[in-house]
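Peer 1: For reference, the file coords17.cif (mmCIF, C-alpha atoms) is included below:
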```cif
data_protein
loop_
_atom_site.label_atom_id
_atom_site.label_comp_id
_atom_site.auth_asym_id
_atom_site.auth_seq_id
_atom_site.Cartn_x
_atom_site.Cartn_y
_atom_site.Cartn_z
CA MET A 1320 -19.58 17.86 8.75
CA LYS A 1321 -22.76 18.84 10.52
CA LEU A 1322 -24.62 16.22 12.49
CA GLN A 1323 -28.40 16.09 12.72
CA MET A 1324 -29.96 17.10 16.01
CA SER A 1325 -30.96 13.53 16.97
CA THR A 1326 -27.45 12.31 16.31
CA ARG A 1327 -25.93 14.96 18.54
CA TYR A 1328 -28.42 14.15 21.29
CA ALA A 1329 -27.56 10.47 21.01
CA LEU A 1330 -23.83 11.18 21.24
CA TYR A 1331 -24.33 13.39 24.28
CA ALA A 1332 -26.45 10.69 25.91
CA VAL A 1333 -24.03 7.81 25.37
CA MET A 1334 -21.09 9.94 26.46
CA GLU A 1335 -22.94 10.89 29.62
CA LEU A 1336 -23.78 7.25 30.35
CA SER A 1337 -20.20 6.16 29.56
CA ALA A 1338 -18.93 8.66 32.11
CA CYS A 1339 -21.16 7.16 34.81
CA PRO A 1340 -20.92 3.39 34.31
CA ASP A 1341 -21.88 2.57 37.90
CA HIS A 1342 -25.20 4.33 38.11
CA GLN A 1343 -28.22 5.26 36.07
CA VAL A 1344 -28.73 8.68 34.58
CA SER A 1345 -32.21 9.96 33.80
CA ALA A 1346 -33.13 11.46 30.46
CA ALA A 1347 -34.18 14.60 32.33
CA GLU A 1348 -30.68 15.02 33.75
CA ILE A 1349 -29.11 14.65 30.34
CA ALA A 1350 -31.65 17.04 28.77
CA GLU A 1351 -30.97 19.63 31.44
CA LYS A 1352 -27.20 19.46 31.16
CA TYR A 1353 -27.22 19.95 27.39
CA SER A 1354 -30.25 22.25 27.28
CA ILE A 1355 -32.07 19.99 24.88
CA SER A 1356 -35.69 18.92 24.48
CA SER A 1357 -36.49 16.03 26.84
CA ASN A 1358 -39.23 14.82 24.48
CA HIS A 1359 -36.82 14.65 21.58
CA LEU A 1360 -34.22 13.01 23.80
CA ALA A 1361 -36.76 10.38 24.90
CA LYS A 1362 -37.23 9.33 21.26
CA VAL A 1363 -33.48 9.21 20.80
CA MET A 1364 -33.10 7.04 23.90
CA ARG A 1365 -35.69 4.59 22.52
CA THR A 1366 -33.66 4.25 19.33
CA LEU A 1367 -30.49 3.68 21.34
CA GLY A 1368 -32.35 1.12 23.46
CA ARG A 1369 -33.65 -0.78 20.43
CA ALA A 1370 -30.08 -0.91 19.11
CA GLY A 1371 -28.92 -2.40 22.41
CA LEU A 1372 -26.60 0.46 23.31
CA VAL A 1373 -28.51 1.59 26.39
CA GLU A 1374 -30.95 -0.04 28.76
CA ALA A 1375 -33.64 1.53 30.87
CA VAL A 1376 -33.72 0.84 34.59
CA ARG A 1377 -37.16 1.28 36.12
CA GLY A 1378 -38.14 2.20 39.66
CA MET A 1379 -36.65 4.51 42.27
CA GLY A 1380 -33.45 6.06 41.03
CA GLY A 1381 -34.20 4.62 37.63
CA GLY A 1382 -32.83 5.97 34.42
CA TYR A 1383 -30.58 4.71 31.70
CA ARG A 1384 -27.25 2.99 31.69
CA LEU A 1385 -24.87 1.96 28.96
CA ALA A 1386 -25.50 -1.63 27.91
CA VAL A 1387 -22.22 -2.06 26.06
CA ASP A 1388 -18.50 -1.65 26.67
CA ALA A 1389 -17.54 1.99 26.03
CA LYS A 1390 -14.22 0.75 24.64
CA ARG A 1391 -16.02 -1.21 21.95
CA ILE A 1392 -18.49 1.34 20.60
CA THR A 1393 -17.29 3.98 18.17
CA LEU A 1394 -18.80 7.29 17.18
CA LEU A 1395 -19.67 5.73 13.84
CA ASP A 1396 -21.69 2.98 15.55
CA VAL A 1397 -23.86 5.63 17.19
CA ILE A 1398 -24.10 8.05 14.28
CA ALA A 1399 -25.05 5.30 11.82
CA LEU A 1400 -28.22 4.67 13.86
CA PHE A 1401 -29.49 8.13 13.05
CA GLU A 1402 -28.09 9.22 9.72
CA PRO A 1403 -26.26 7.75 6.76
CA ILE A 1404 -22.53 8.22 6.53
CA GLY A 1405 -20.91 8.53 3.14
CA SER A 1406 -24.19 8.42 1.26
CA LYS A 1407 -23.36 11.48 -0.79
CA THR A 1408 -21.45 9.47 -3.35
CA ALA A 1409 -22.53 5.90 -2.68
CA GLY A 1410 -25.36 4.40 -4.66
CA THR A 1411 -26.98 7.61 -5.84
CA ARG A 1412 -26.63 9.27 -9.20
CA ASP A 1413 -26.79 13.01 -9.60
CA ALA A 1414 -26.94 15.03 -12.79
CA GLY A 1415 -23.54 15.14 -14.42
CA ASP A 1416 -22.19 12.13 -12.55
CA THR A 1417 -21.53 10.20 -15.75
CA THR A 1418 -19.38 12.93 -17.26
CA ALA A 1419 -15.61 12.90 -16.78
CA GLU A 1420 -15.95 16.06 -14.69
CA GLY A 1421 -18.68 14.49 -12.57
CA GLN A 1422 -16.55 11.41 -11.95
CA ALA A 1423 -13.59 13.59 -10.95
CA LEU A 1424 -15.82 15.43 -8.49
CA ARG A 1425 -17.09 12.15 -7.05
CA ARG A 1426 -13.52 10.95 -6.51
CA VAL A 1427 -12.73 14.06 -4.48
CA LEU A 1428 -15.96 13.78 -2.48
CA TRP A 1429 -15.28 10.10 -1.87
CA GLU A 1430 -11.84 10.98 -0.50
CA ILE A 1431 -13.44 13.37 2.00
CA GLU A 1432 -16.11 10.86 3.03
CA ASP A 1433 -13.54 8.09 3.40
CA LEU A 1434 -11.52 10.21 5.81
CA GLU A 1435 -14.69 11.18 7.67
CA ARG A 1436 -15.68 7.54 8.11
CA ALA A 1437 -12.18 6.46 9.16
CA THR A 1438 -12.11 9.18 11.80
CA LEU A 1439 -15.53 8.36 13.21
CA GLU A 1440 -14.84 4.63 13.39
CA SER A 1441 -11.51 5.13 15.14
CA ILE A 1442 -12.85 6.97 18.16
CA THR A 1443 -14.59 4.95 20.85
CA LEU A 1444 -16.83 6.37 23.56
CA SER A 1445 -14.02 5.66 26.00
CA THR A 1446 -11.60 7.69 23.88
CA MET A 1447 -14.14 10.50 23.62
CA LEU A 1448 -14.25 10.78 27.39
CA LYS A 1449 -10.49 11.32 27.40
CA LEU A 1450 -10.96 14.19 24.96
CA VAL A 1451 -13.49 15.92 27.19
CA ARG A 1452 -11.74 18.80 28.90
CA PRO A 1453 -13.00 21.60 31.13
CA VAL A 1454 -15.19 23.92 29.13
CA GLU A 1455 -13.26 26.65 27.43
CA ALA A 1456 -14.27 29.30 24.95
CA ILE A 1457 -14.92 27.57 21.65
CA GLN A 1458 -12.94 29.20 18.91
CA ASP A 1459 -14.44 28.78 15.49
CA PRO A 1460 -11.98 28.46 12.64
CA PRO A 1461 -11.50 31.69 10.72
CA ALA A 1462 -14.54 32.26 8.54
CA ASP A 1463 -12.44 32.46 5.43
CA ALA A 1464 -10.24 29.47 6.24
CA PRO A 1465 -12.06 26.83 4.16
CA TYR A 1466 -12.36 29.10 1.17
CA ARG A 1467 -8.96 30.78 1.06
CA PRO A 1468 -7.38 29.89 -2.24
CA SER A 1469 -3.92 28.49 -1.87
CA ARG A 1470 -1.18 28.49 -4.38
CA ALA A 1471 0.89 25.38 -4.62
CA VAL A 1472 4.61 26.01 -4.61
CA VAL A 1473 6.15 23.75 -7.19
CA ALA A 1474 9.88 23.32 -6.96
CA MET B 1313 11.36 0.48 38.38
CA GLU B 1314 14.45 0.42 36.25
CA THR B 1315 16.50 -2.75 36.26
CA PHE B 1316 19.67 -2.82 34.20
CA GLY B 1317 18.15 -0.16 31.99
CA HIS B 1318 15.04 -2.23 31.43
CA LYS B 1319 11.70 -0.91 32.54
CA ARG B 1320 9.52 -3.35 34.46
CA VAL B 1321 5.85 -2.64 33.95
CA PRO B 1322 3.04 -4.23 35.96
CA PRO B 1323 0.50 -5.76 33.53
CA ALA B 1324 -2.90 -4.10 33.46
CA ALA B 1325 -5.66 -5.70 35.52
CA GLY B 1326 -6.68 -9.00 33.98
CA GLY B 1327 -3.41 -9.37 32.15
CA MET B 1328 -1.69 -11.69 34.57
CA ALA B 1329 -3.64 -14.73 33.49
CA ALA B 1330 -2.58 -14.46 29.89
CA MET B 1331 0.99 -13.43 30.66
CA GLY B 1332 1.52 -15.71 33.63
CA SER B 1333 3.42 -14.44 36.65
CA GLN B 1334 6.32 -13.01 34.66
CA PRO B 1335 6.58 -9.22 34.71
CA LEU B 1336 6.43 -7.31 31.48
CA VAL B 1337 9.85 -5.90 30.64
CA ILE B 1338 10.43 -3.13 28.11
CA ARG B 1339 14.02 -2.94 26.83
CA PRO B 1340 16.02 -2.14 23.69
CA ALA B 1341 16.02 -4.97 21.17
CA THR B 1342 19.10 -7.14 20.87
CA PRO B 1343 20.24 -9.25 17.91
CA ALA B 1344 18.78 -12.27 19.72
CA ASP B 1345 15.27 -10.74 19.45
CA ILE B 1346 15.20 -10.39 15.69
CA GLU B 1347 14.09 -13.94 14.97
CA ALA B 1348 11.13 -13.61 17.36
CA VAL B 1349 10.29 -10.17 15.94
CA THR B 1350 10.31 -11.61 12.43
CA ARG B 1351 8.08 -14.51 13.49
CA LEU B 1352 5.60 -12.27 15.31
CA ASP B 1353 5.36 -9.92 12.34
CA ALA B 1354 4.92 -12.84 9.94
CA GLU B 1355 2.15 -14.26 12.11
CA ILE B 1356 0.21 -11.03 11.64
CA THR B 1357 1.16 -9.93 8.14
CA THR B 1358 1.65 -13.47 6.71
CA VAL B 1359 4.87 -12.24 5.07
CA PHE B 1360 8.17 -13.58 6.45
CA LYS B 1361 10.72 -10.81 5.87
CA SER B 1362 13.80 -11.53 7.92
CA ASP B 1363 16.11 -9.32 5.81
CA TYR B 1364 13.83 -6.34 6.44
CA TRP B 1365 13.81 -6.77 10.22
CA ARG B 1366 17.55 -7.44 10.36
CA ASP B 1367 18.16 -4.28 8.36
CA LEU B 1368 15.85 -2.30 10.68
CA PHE B 1369 17.74 -3.61 13.68
CA ASP B 1370 21.04 -2.53 12.11
CA ARG B 1371 19.65 0.97 11.63
CA TYR B 1372 17.49 1.34 14.75
CA GLY B 1373 18.94 -1.16 17.20
CA GLU B 1374 21.07 -0.66 20.26
CA GLY B 1375 22.85 2.60 20.79
CA GLN B 1376 21.53 4.63 17.89
CA VAL B 1377 20.94 8.20 19.07
CA GLY B 1378 17.37 9.30 18.38
CA ARG B 1379 16.43 5.84 17.12
CA HIS B 1380 14.59 3.28 19.19
CA PHE B 1381 13.79 -0.37 18.63
CA LEU B 1382 12.15 -1.58 21.85
CA VAL B 1383 10.76 -4.98 22.72
CA ALA B 1384 8.32 -6.08 25.41
CA THR B 1385 9.03 -9.48 26.92
CA THR B 1386 7.53 -11.71 29.58
CA GLY B 1387 10.21 -14.14 30.61
CA GLU B 1388 11.66 -15.48 27.40
CA THR B 1389 8.56 -14.63 25.35
CA LEU B 1390 8.34 -11.66 22.99
CA ALA B 1391 5.06 -9.86 23.72
CA GLY B 1392 5.53 -7.02 21.25
CA PHE B 1393 7.83 -4.41 19.82
CA ILE B 1394 7.85 -0.76 18.77
CA ILE B 1395 10.19 1.20 16.52
CA GLY B 1396 10.54 4.93 16.13
CA GLU B 1397 12.93 7.80 15.71
CA VAL B 1398 13.28 11.54 16.02
CA ARG B 1399 12.90 13.15 12.61
CA ALA B 1400 13.86 16.76 12.06
CA TRP B 1401 12.74 19.20 9.39
CA GLU B 1402 11.03 16.59 7.28
CA PHE B 1403 8.54 18.58 5.19
CA GLY B 1404 9.55 21.61 7.22
CA SER B 1405 8.47 20.09 10.52
CA PRO B 1406 10.53 20.85 13.66
CA PRO B 1407 12.01 17.75 15.32
CA CYS B 1408 9.36 15.29 16.46
CA GLY B 1409 9.11 11.63 17.39
CA TRP B 1410 7.86 9.20 14.77
CA VAL B 1411 6.51 5.73 15.53
CA PHE B 1412 6.53 3.58 12.43
CA ALA B 1413 6.09 0.06 13.78
CA LEU B 1414 4.07 -1.31 16.68
CA THR B 1415 3.09 -4.95 17.02
CA VAL B 1416 1.68 -6.87 19.96
CA ASP B 1417 1.22 -10.64 20.14
CA PRO B 1418 -2.51 -11.11 19.38
CA THR B 1419 -2.90 -13.42 22.41
CA LEU B 1420 -1.57 -10.71 24.73
CA ARG B 1421 -3.54 -7.73 23.46
CA LEU B 1422 -5.69 -5.62 25.79
CA HIS B 1423 -3.26 -6.31 28.62
CA GLY B 1424 -1.27 -3.11 28.47
CA VAL B 1425 1.63 -4.32 26.32
CA GLY B 1426 1.07 -1.76 23.55
CA THR B 1427 0.55 1.00 26.09
CA ALA B 1428 3.78 0.12 27.90
CA LEU B 1429 5.71 0.13 24.62
CA PHE B 1430 4.17 3.38 23.44
CA GLU B 1431 4.80 5.11 26.78
CA ALA B 1432 8.38 3.84 26.82
CA ILE B 1433 9.19 5.24 23.40
CA CYS B 1434 7.41 8.52 24.22
CA ASP B 1435 9.58 8.79 27.36
CA ARG B 1436 12.67 8.39 25.20
CA PHE B 1437 11.43 11.01 22.73
CA ARG B 1438 10.80 13.43 25.61
CA GLY B 1439 14.29 12.73 26.90
CA GLU B 1440 15.61 13.76 23.50
CA GLY B 1441 13.82 17.06 23.73
CA VAL B 1442 10.91 16.60 21.36
CA THR B 1443 7.38 17.54 22.37
CA LYS B 1444 5.34 15.85 19.67
CA VAL B 1445 4.91 12.26 18.52
CA ARG B 1446 3.47 11.25 15.16
CA THR B 1447 2.57 8.08 13.37
CA MET B 1448 0.76 6.96 10.23
CA VAL B 1449 -1.91 4.27 10.28
CA SER B 1450 -3.79 2.53 7.50
CA LYS B 1451 -7.54 3.12 7.38
CA GLU B 1452 -8.04 -0.39 6.04
CA GLY B 1453 -8.61 -3.83 7.53
CA ASP B 1454 -6.82 -5.03 10.66
CA ALA B 1455 -4.90 -1.76 10.99
CA ARG B 1456 -8.12 -0.27 12.37
CA THR B 1457 -7.17 -1.85 15.70
CA LEU B 1458 -3.96 0.15 15.64
CA MET B 1459 -5.89 3.31 14.79
CA LEU B 1460 -8.19 2.69 17.77
CA PHE B 1461 -5.14 2.15 19.96
CA PHE B 1462 -3.41 5.39 18.99
CA ARG B 1463 -6.67 7.31 19.27
CA SER B 1464 -7.19 5.94 22.77
CA HIS B 1465 -3.83 7.49 23.65
CA GLY B 1466 -5.03 10.90 22.58
CA MET B 1467 -3.51 11.03 19.11
CA MET B 1468 -5.40 13.28 16.72
CA ALA B 1469 -5.03 14.24 13.07
CA GLY B 1470 -1.83 16.19 12.52
CA PRO B 1471 -1.03 19.05 10.19
CA PHE B 1472 -0.05 16.83 7.25
CA ILE B 1473 -2.13 14.86 4.79
CA GLU B 1474 -0.57 11.85 3.13
CA LEU B 1475 -0.89 11.85 -0.66
CA GLU B 1476 -0.06 9.16 -3.18
CA LYS B 1477 -0.29 8.44 -6.87
CA ASP B 1478 -0.14 5.36 -9.04
CA LEU B 1479 3.06 5.39 -11.05
CA VAL B 1480 1.82 2.70 -13.38
CA PRO B 1481 -1.40 3.47 -15.26
#
```
Can you dump the structure from the file as structure tokens?

Peer 2:
Amino acid sequence: MKLQMSTRYALYAVMELSACPDHQVSAAEIAEKYSISSNHLAKVMRTLGRAGLVEAVRGMGGGYRLAVDAKRITLLDVIALFEPIGSKTAGTRDAGDTTAEGQALRRVLWEIEDLERATLESITLSTMLKLVRPVEAIQDPPADAPYRPSRAVVA
Amino acid sequence: METFGHKRVPPAAGGMAAMGSQPLVIRPATPADIEAVTRLDAEITTVFKSDYWRDLFDRYGEGQVGRHFLVATTGETLAGFIIGEVRAWEFGSPPCGWVFALTVDPTLRLHGVGTALFEAICDRFRGEGVTKVRTMVSKEGDARTLMLFFRSHGMMAGPFIELEKDLVP
């Protein structure tokens, strides 16, 4: 699953605000930490504000703060503001969908999307903060891992 | 603090009002708890299955090595329960702890009861030499609360995927 840029920015922003519930964090600080465009982040913050997830604090030391309980907001709540989840098989019809093969393919894709949704809606911002560990070298999965054919062993 | 083998756990902040002044006690279930366990489960699942819970107590109750049926009580009131066991070599997996039941009285949730139960059973699993704990949670309906709970305790997807098939067309 690859998230759109705005979605990632939004997740970074709400995680940053969740980590600092007692004070405001400016968009510039968030942009600097994650090396992201402050203009783009400003638009993202407006969307989060309209959804009631963050609120802007004006004046000296102003910035943003989380307007909701970090234990009550899931990753899905944030992601759904910026991109559809599970839209690949819901509501749309692609060529071949009405064939038996197309329906079999949709069932498999639905299974993947269902798991994706269940995962995203089970992790709150508070839980995410617990997953944040000191930065370590990110190890990508082996390039061939998703494509390696496997042979089922049938007893 | 251990008292007669029962772990006394201070309720989380805010929990005293709902639970009164009685401390939360985590201890192995006894035959006298089964009726309250059955009632609490029925309150949540709407299915009264006393034979099932009695049978579970027979298999997981007091004194069973590697098997744990723990209850959380405040005074005489059952606040919740958890059941689990150490399973070895199931699907080729080295021994690990399995939690297969966790229920907390809905009026006492968010007060640390589930956490105290989960930590207590994890302590027992560690004492039995296992280093991993697993569970299985429904993606549907009210079980989402349970999923959120286990996630908040750092549980992530494991190496297995559950599969099923309709046996009746």

Peer 1: Can you write out as a Markdown table which residues of stretch 1356-1429 of chain A fall within 10 Å of stretch 1444-1447 of chain A, alongside each residue's closest atom pair and its distance in Å to one decimal, counting only C-alpha atoms and ordering rows by chain and ascending residue number?

Peer 2:
```
| residue | atom | partner | partner_atom | distance |
| --- | --- | --- | --- | --- |
| A:Asp1388 | CA | A:Ser1445 | CA | 8.6 |
| A:Ala1389 | CA | A:Leu1444 | CA | 5.1 |
| A:Lys1390 | CA | A:Ser1445 | CA | 5.1 |
| A:Arg1391 | CA | A:Leu1444 | CA | 7.8 |
| A:Ile1392 | CA | A:Leu1444 | CA | 6.1 |
| A:Thr1393 | CA | A:Leu1444 | CA | 5.9 |
| A:Leu1394 | CA | A:Leu1444 | CA | 6.7 |
| A:Asp1396 | CA | A:Leu1444 | CA | 10.0 |
| A:Val1397 | CA | A:Leu1444 | CA | 9.5 |
```

Peer 1: Using all atoms listed in the file, pick whichever of B:Val1377, B:Leu1414, B:Cys1408, B:Ile1395 has the shortest atom-to-atom distance to B:Leu1352.

Peer 2: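 Once distances to B:Leu1352 are computed over all atoms listed in the file, the minimum belongs to B:Leu1414.
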
Peer 1: Please determine the contact residues of chain B with respect to chain A at a cut-off of 9 Å, counting all atoms listed in the file, and supply them as number ranges by chain.

Peer 2: B: 1451-1452, 1456-1457, 1459-1466, 1469

Peer 1: Save the residues we just selected, C-alpha atoms, as a compact mmCIF listing (two decimals), in the frame of the given file?

Peer 2:
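Writing done, so here's selection_10.txt:
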```txt
# COMPACT_ATOMS: atom_id res chain seq x y z
CA LYS B 1451 -7.54 3.12 7.38
CA GLU B 1452 -8.04 -0.39 6.04
CA ARG B 1456 -8.12 -0.27 12.37
CA THR B 1457 -7.17 -1.85 15.70
CA MET B 1459 -5.89 3.31 14.79
CA LEU B 1460 -8.19 2.69 17.77
CA PHE B 1461 -5.14 2.15 19.96
CA PHE B 1462 -3.41 5.39 18.99
CA ARG B 1463 -6.67 7.31 19.27
CA SER B 1464 -7.19 5.94 22.77
CA HIS B 1465 -3.83 7.49 23.65
CA GLY B 1466 -5.03 10.90 22.58
CA ALA B 1469 -5.03 14.24 13.07
```

Peer 1: Once the PyMOL selection byres ((chain B and resi 1393) around 12) has been applied to the shown file, what residues remain in the selection, as a PyMOL selection string?

Peer 2: chain B and resi 1337-1342+1345-1346+1348-1353+1365+1369+1373+1380-1385+1389-1392+1394-1396+1411-1417+1425-1430+1432-1433

Peer 1: May I have the residues within 6 Å of stretch 1331-1343 of chain A as a list in words, using only C-alpha atoms and disregarding those fewer than 6 positions away in the same chain?

Peer 2: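 Counting only C-alpha atoms, the residues come to Gly1382, Tyr1383, Arg1384 and Leu1385 of chain A.
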
Peer 1: As an NGL selection string, please: the residues near A:Glu1432 (cut-off 6 Å, all atoms listed in the file, same-chain neighbours under 3 positions excluded).

Peer 2: :A and (1405 or 1429 or 1435)

Peer 1: Export C-alpha atoms of the chosen residues as an mmCIF file, keeping the file's coordinate frame?

Peer 2:
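Written out: again.cif:
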```cif
data_model
loop_
_atom_site.group_PDB
_atom_site.id
_atom_site.type_symbol
_atom_site.label_atom_id
_atom_site.label_comp_id
_atom_site.auth_asym_id
_atom_site.auth_seq_id
_atom_site.Cartn_x
_atom_site.Cartn_y
_atom_site.Cartn_z
ATOM 1 C CA GLY A 1405 -20.910 8.530 3.140
ATOM 2 C CA TRP A 1429 -15.280 10.100 -1.870
ATOM 3 C CA GLU A 1435 -14.690 11.180 7.670
#
```

Peer 1: Which residue, A:Val1451, A:Tyr1328, A:Arg1412, A:Val1427, has the smallest gap to A:Glu1351 when you use all atoms listed in the file?

Peer 2: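 Of A:Val1451, A:Tyr1328, A:Arg1412, A:Val1427, the one nearest A:Glu1351, counting all atoms listed in the file, is A:Tyr1328.
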
Peer 1: Quick check on the file I pasted: which residues fall under the PyMOL selection byres ((chain A and resi 1354-1357) around 12)? Write them as an mmCIF file with C-alpha atoms, in the frame of the given file.

Peer 2:
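Okay, this is what ended up in expr14.cif:
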```
data_model
loop_
_atom_site.group_PDB
_atom_site.id
_atom_site.type_symbol
_atom_site.label_atom_id
_atom_site.label_comp_id
_atom_site.auth_asym_id
_atom_site.auth_seq_id
_atom_site.Cartn_x
_atom_site.Cartn_y
_atom_site.Cartn_z
ATOM 1 C CA MET A 1324 -29.960 17.100 16.010
ATOM 2 C CA SER A 1325 -30.960 13.530 16.970
ATOM 3 C CA ARG A 1327 -25.930 14.960 18.540
ATOM 4 C CA TYR A 1328 -28.420 14.150 21.290
ATOM 5 C CA ALA A 1329 -27.560 10.470 21.010
ATOM 6 C CA TYR A 1331 -24.330 13.390 24.280
ATOM 7 C CA ALA A 1332 -26.450 10.690 25.910
ATOM 8 C CA SER A 1345 -32.210 9.960 33.800
ATOM 9 C CA ALA A 1346 -33.130 11.460 30.460
ATOM 10 C CA ALA A 1347 -34.180 14.600 32.330
ATOM 11 C CA GLU A 1348 -30.680 15.020 33.750
ATOM 12 C CA ILE A 1349 -29.110 14.650 30.340
ATOM 13 C CA ALA A 1350 -31.650 17.040 28.770
ATOM 14 C CA GLU A 1351 -30.970 19.630 31.440
ATOM 15 C CA LYS A 1352 -27.200 19.460 31.160
ATOM 16 C CA TYR A 1353 -27.220 19.950 27.390
ATOM 17 C CA ASN A 1358 -39.230 14.820 24.480
ATOM 18 C CA HIS A 1359 -36.820 14.650 21.580
ATOM 19 C CA LEU A 1360 -34.220 13.010 23.800
ATOM 20 C CA ALA A 1361 -36.760 10.380 24.900
ATOM 21 C CA LYS A 1362 -37.230 9.330 21.260
ATOM 22 C CA VAL A 1363 -33.480 9.210 20.800
ATOM 23 C CA MET A 1364 -33.100 7.040 23.900
#
```

Peer 1: Using atom CA of B:Pro1343 and atom CA of B:Met1448 as the two end points, give the distance in Å to one decimal.

Peer 2: 26.5 Å

Peer 1: How many Å separate atom CA of B:Val1442 from atom CA of B:Tyr1372?

Peer 2: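 One can read the atom CA of B:Val1442 to atom CA of B:Tyr1372 distance as 17.9 Å.
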
Peer 1: Report, in Å to a single decimal, how far apart atom CA of B:Gly1404 and atom CA of B:Gly1470 are.

Peer 2: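 These two atoms are separated by 13.7 Å.
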